[in-house]
Amino acid sequence: MAQVTMKDMLDAGVHFGHQTQRWNPKMKNYVYTARGGIHIIDLQKTVVRAQKAAEFVKDVAANGGRLIFVGTKKQAIEPVQEAAQKCGQYYVTKRWLGGMLTNFETIKSSIDRLRKIDHMKEKGEFNYLTKKERAGLEKEYLRLSDFLNGIRDMKEMPSAMFVVDLPKEHIAVAEATRLGIPVVGIADSNSDPEIIEYPIPGNDDAIRSIKLFANMVADAYIEGAKAWEQKLRTMTDKQSDLAKEEKGDTKEEAPKRRQPRAGAPAAKSEAAAPKKAAGPAIVKATKARKLVAAGTAEDVEIQAELEGQIPAETTDETAE
């Protein structure tokens with residue numbers, strides 16, 4: 001875990017605040033004493049706050065969130081840019097444009113314009129322009145690069161913000177608060193620590209102090225990003241295993257019955273089945289019953305008896 005010791009803070013001059021007449025009363029809990037008309041910040045409380053801020057940044061990175069560094073004062077430009085590039089995150093070091101987060105669609109059109117000029121340079125289209133047109137595009141390109149170069153790859157809102165000098169970057173802090181983006185910032189003795197979620201009491205004017213905390217935040221983000229990459233690998237492995245299992249289930253089907261080879265004996269069930277005799281089918285026909293006219297039944301019965309079709313019956317008349 002990225003940690004900053006009290007010795008590192010003393011060496012960087014983190015404990016020096018502003019003049020006593022320029023302080024913010026809300027920083028009273030973080031001020032240790034006043035010497036020579038300057039407030040001395042309590043570094044014991046700074047260590048605790050810095051640790052909480054580093055843990056928060058690590059959690060943001062471990063969940064796949066993005067971070068934006070904001071520091072536009074002269075002393076903060078180089079340390080903030082180096083720390084942001086170190087962890088591969090967004091940064092703003094020239095000037096915070098109003099609506100950079102709350103009106104991102106308009107800012108995005110300017111980013112698209114910057115990319116278009118880059119594309120024209122790569123294709124060599126500048127060679128077909130007049131000297132005046134080329135100078136105008138170069139001037140526009142430099143202006144857009146200064147303001148938007150650190151966020152040219154930003155496609156969605158960041159999950160957290162790191163700010164140097166809260167009073168100077170009050171517009172950025174206000175936009176982040178409006179969008180519900182947590183803010184980590186260096187709170188000097190003239191700052192209001194209650195406007196952000198993770199204030200770090202310390203000197204925001206010394207280059208070494210800014211560099212110390214900016215690198216702390218960058219290291220915490222890198223550590224969390226490694227945990228996020230590990231999660232992605234685990235999820236990818238699980239998905240590949242599930243895909244392999246599903247593919248294996250589709251292949252496991254009931255075995256098909258093999259067709260018998262030519263000349264092979266038939267199966268028992270087929271051999272046991274009775275074979276049908278060849279030739280025409282035998283149809284039993286019943287002899288049609290003869291119709292007998294009225295009054296001739298006795299003659300017909302006698303004739304049938306003689307032919308042996310019905311058995312002879314004895315009647316009372318023949319017995320007589």
# chains A, B, ... in the order shown; residues from 1 in each chain; ligands from 1
call {"tool": "select_by_dssp", "arguments": {"residues": "range 30-137 of chain A", "states": "strand (DSSP E)", "output": "list in words"}}
result
Val31, Tyr32, Thr33, Ala34, Arg35, Ile38, His39, Ile40, Ile41, Leu67, Ile68, Phe69, Val70, Tyr90, Tyr91 and Val92 of chain A
call {"tool": "residues_around", "arguments": {"residues": "range 169-180 of chain A", "least_positions_apart": "6", "cutoff": "7 Å", "atoms": "only C-alpha atoms", "output": "MDAnalysis selection string"}}
result
chainID A and resid 96 101:102
call {"tool": "residues_around", "arguments": {"residues": "range 104-110 of chain A", "least_positions_apart": "5", "cutoff": "10 Å", "atoms": "only C-alpha atoms", "output": "JSON, numbers by chain"}}
result
{"A": [97, 98, 99, 115, 116, 144, 147, 148, 151, 152, 153, 154, 155, 156, 157]}
call {"tool": "residues_around", "arguments": {"residues": "Tyr30 in chain A", "least_positions_apart": "2", "cutoff": "7 Å", "atoms": "only C-alpha atoms", "output": "PyMOL selection string"}}
result
chain A and resi 27-28+32+41-42+45+201
call {"tool": "atom_distance", "arguments": {"atom1": "CA of Ile207 in chain A", "atom2": "CA of Gly13 in chain A"}}
result
9.4 Å
call {"tool": "residues_around", "arguments": {"residues": "range 219-222 of chain A", "least_positions_apart": "4", "cutoff": "8 Å", "atoms": "only C-alpha atoms", "output": "PyMOL selection string"}}
result
chain A and resi 1-2+54-55+57-58+60-61+87+215+226
call {"tool": "write_last_selection", "arguments": {"atoms": "N, CA, C and O atoms", "output": "PDB file, in the first residue's frame"}}
result
ATOM      1  N   MET A   1       0.839  -1.198   0.000  1.00  0.00           N
ATOM      2  CA  MET A   1       0.000   0.000   0.000  1.00  0.00           C
ATOM      3  C   MET A   1       0.877   1.252   0.000  1.00  0.00           C
ATOM      4  O   MET A   1       1.866   1.321   0.720  1.00  0.00           O
ATOM      5  N   ALA A   2       0.505   2.227  -0.868  1.00  0.00           N
ATOM      6  CA  ALA A   2       1.267   3.476  -0.952  1.00  0.00           C
ATOM      7  C   ALA A   2       1.116   4.257   0.353  1.00  0.00           C
ATOM      8  O   ALA A   2      -0.001   4.587   0.765  1.00  0.00           O
ATOM      9  N   ALA A  54      -5.539   7.457   0.196  1.00  0.00           N
ATOM     10  CA  ALA A  54      -4.858   6.445  -0.622  1.00  0.00           C
ATOM     11  C   ALA A  54      -5.687   5.170  -0.705  1.00  0.00           C
ATOM     12  O   ALA A  54      -5.788   4.546  -1.772  1.00  0.00           O
ATOM     13  N   GLU A  55      -6.306   4.772   0.385  1.00  0.00           N
ATOM     14  CA  GLU A  55      -7.155   3.580   0.383  1.00  0.00           C
ATOM     15  C   GLU A  55      -8.362   3.769  -0.532  1.00  0.00           C
ATOM     16  O   GLU A  55      -8.767   2.849  -1.256  1.00  0.00           O
ATOM     17  N   VAL A  57      -8.549   5.768  -3.214  1.00  0.00           N
ATOM     18  CA  VAL A  57      -8.080   5.734  -4.609  1.00  0.00           C
ATOM     19  C   VAL A  57      -7.798   4.298  -5.035  1.00  0.00           C
ATOM     20  O   VAL A  57      -8.114   3.895  -6.169  1.00  0.00           O
ATOM     21  N   LYS A  58      -7.240   3.521  -4.142  1.00  0.00           N
ATOM     22  CA  LYS A  58      -6.960   2.117  -4.459  1.00  0.00           C
ATOM     23  C   LYS A  58      -8.253   1.349  -4.727  1.00  0.00           C
ATOM     24  O   LYS A  58      -8.334   0.544  -5.664  1.00  0.00           O
ATOM     25  N   VAL A  60     -11.056   2.622  -5.825  1.00  0.00           N
ATOM     26  CA  VAL A  60     -11.589   3.087  -7.111  1.00  0.00           C
ATOM     27  C   VAL A  60     -10.931   2.336  -8.261  1.00  0.00           C
ATOM     28  O   VAL A  60     -11.599   1.857  -9.191  1.00  0.00           O
ATOM     29  N   ALA A  61      -9.607   2.214  -8.203  1.00  0.00           N
ATOM     30  CA  ALA A  61      -8.882   1.508  -9.264  1.00  0.00           C
ATOM     31  C   ALA A  61      -9.195   0.019  -9.247  1.00  0.00           C
ATOM     32  O   ALA A  61      -9.288  -0.613 -10.315  1.00  0.00           O
ATOM     33  N   CYS A  87       0.399   6.806 -13.917  1.00  0.00           N
ATOM     34  CA  CYS A  87      -0.663   5.804 -13.723  1.00  0.00           C
ATOM     35  C   CYS A  87      -1.628   5.749 -14.899  1.00  0.00           C
ATOM     36  O   CYS A  87      -2.627   5.016 -14.849  1.00  0.00           O
ATOM     37  N   ASN A 215       2.250  11.736  -6.244  1.00  0.00           N
ATOM     38  CA  ASN A 215       2.841  10.405  -6.450  1.00  0.00           C
ATOM     39  C   ASN A 215       2.189   9.370  -5.539  1.00  0.00           C
ATOM     40  O   ASN A 215       2.059   8.199  -5.934  1.00  0.00           O
ATOM     41  N   LYS A 226      -3.722  -3.131 -10.467  1.00  0.00           N
ATOM     42  CA  LYS A 226      -3.239  -4.509 -10.555  1.00  0.00           C
ATOM     43  C   LYS A 226      -4.288  -5.490 -10.041  1.00  0.00           C
ATOM     44  O   LYS A 226      -4.486  -6.568 -10.623  1.00  0.00           O
TER      45      LYS A 226
END
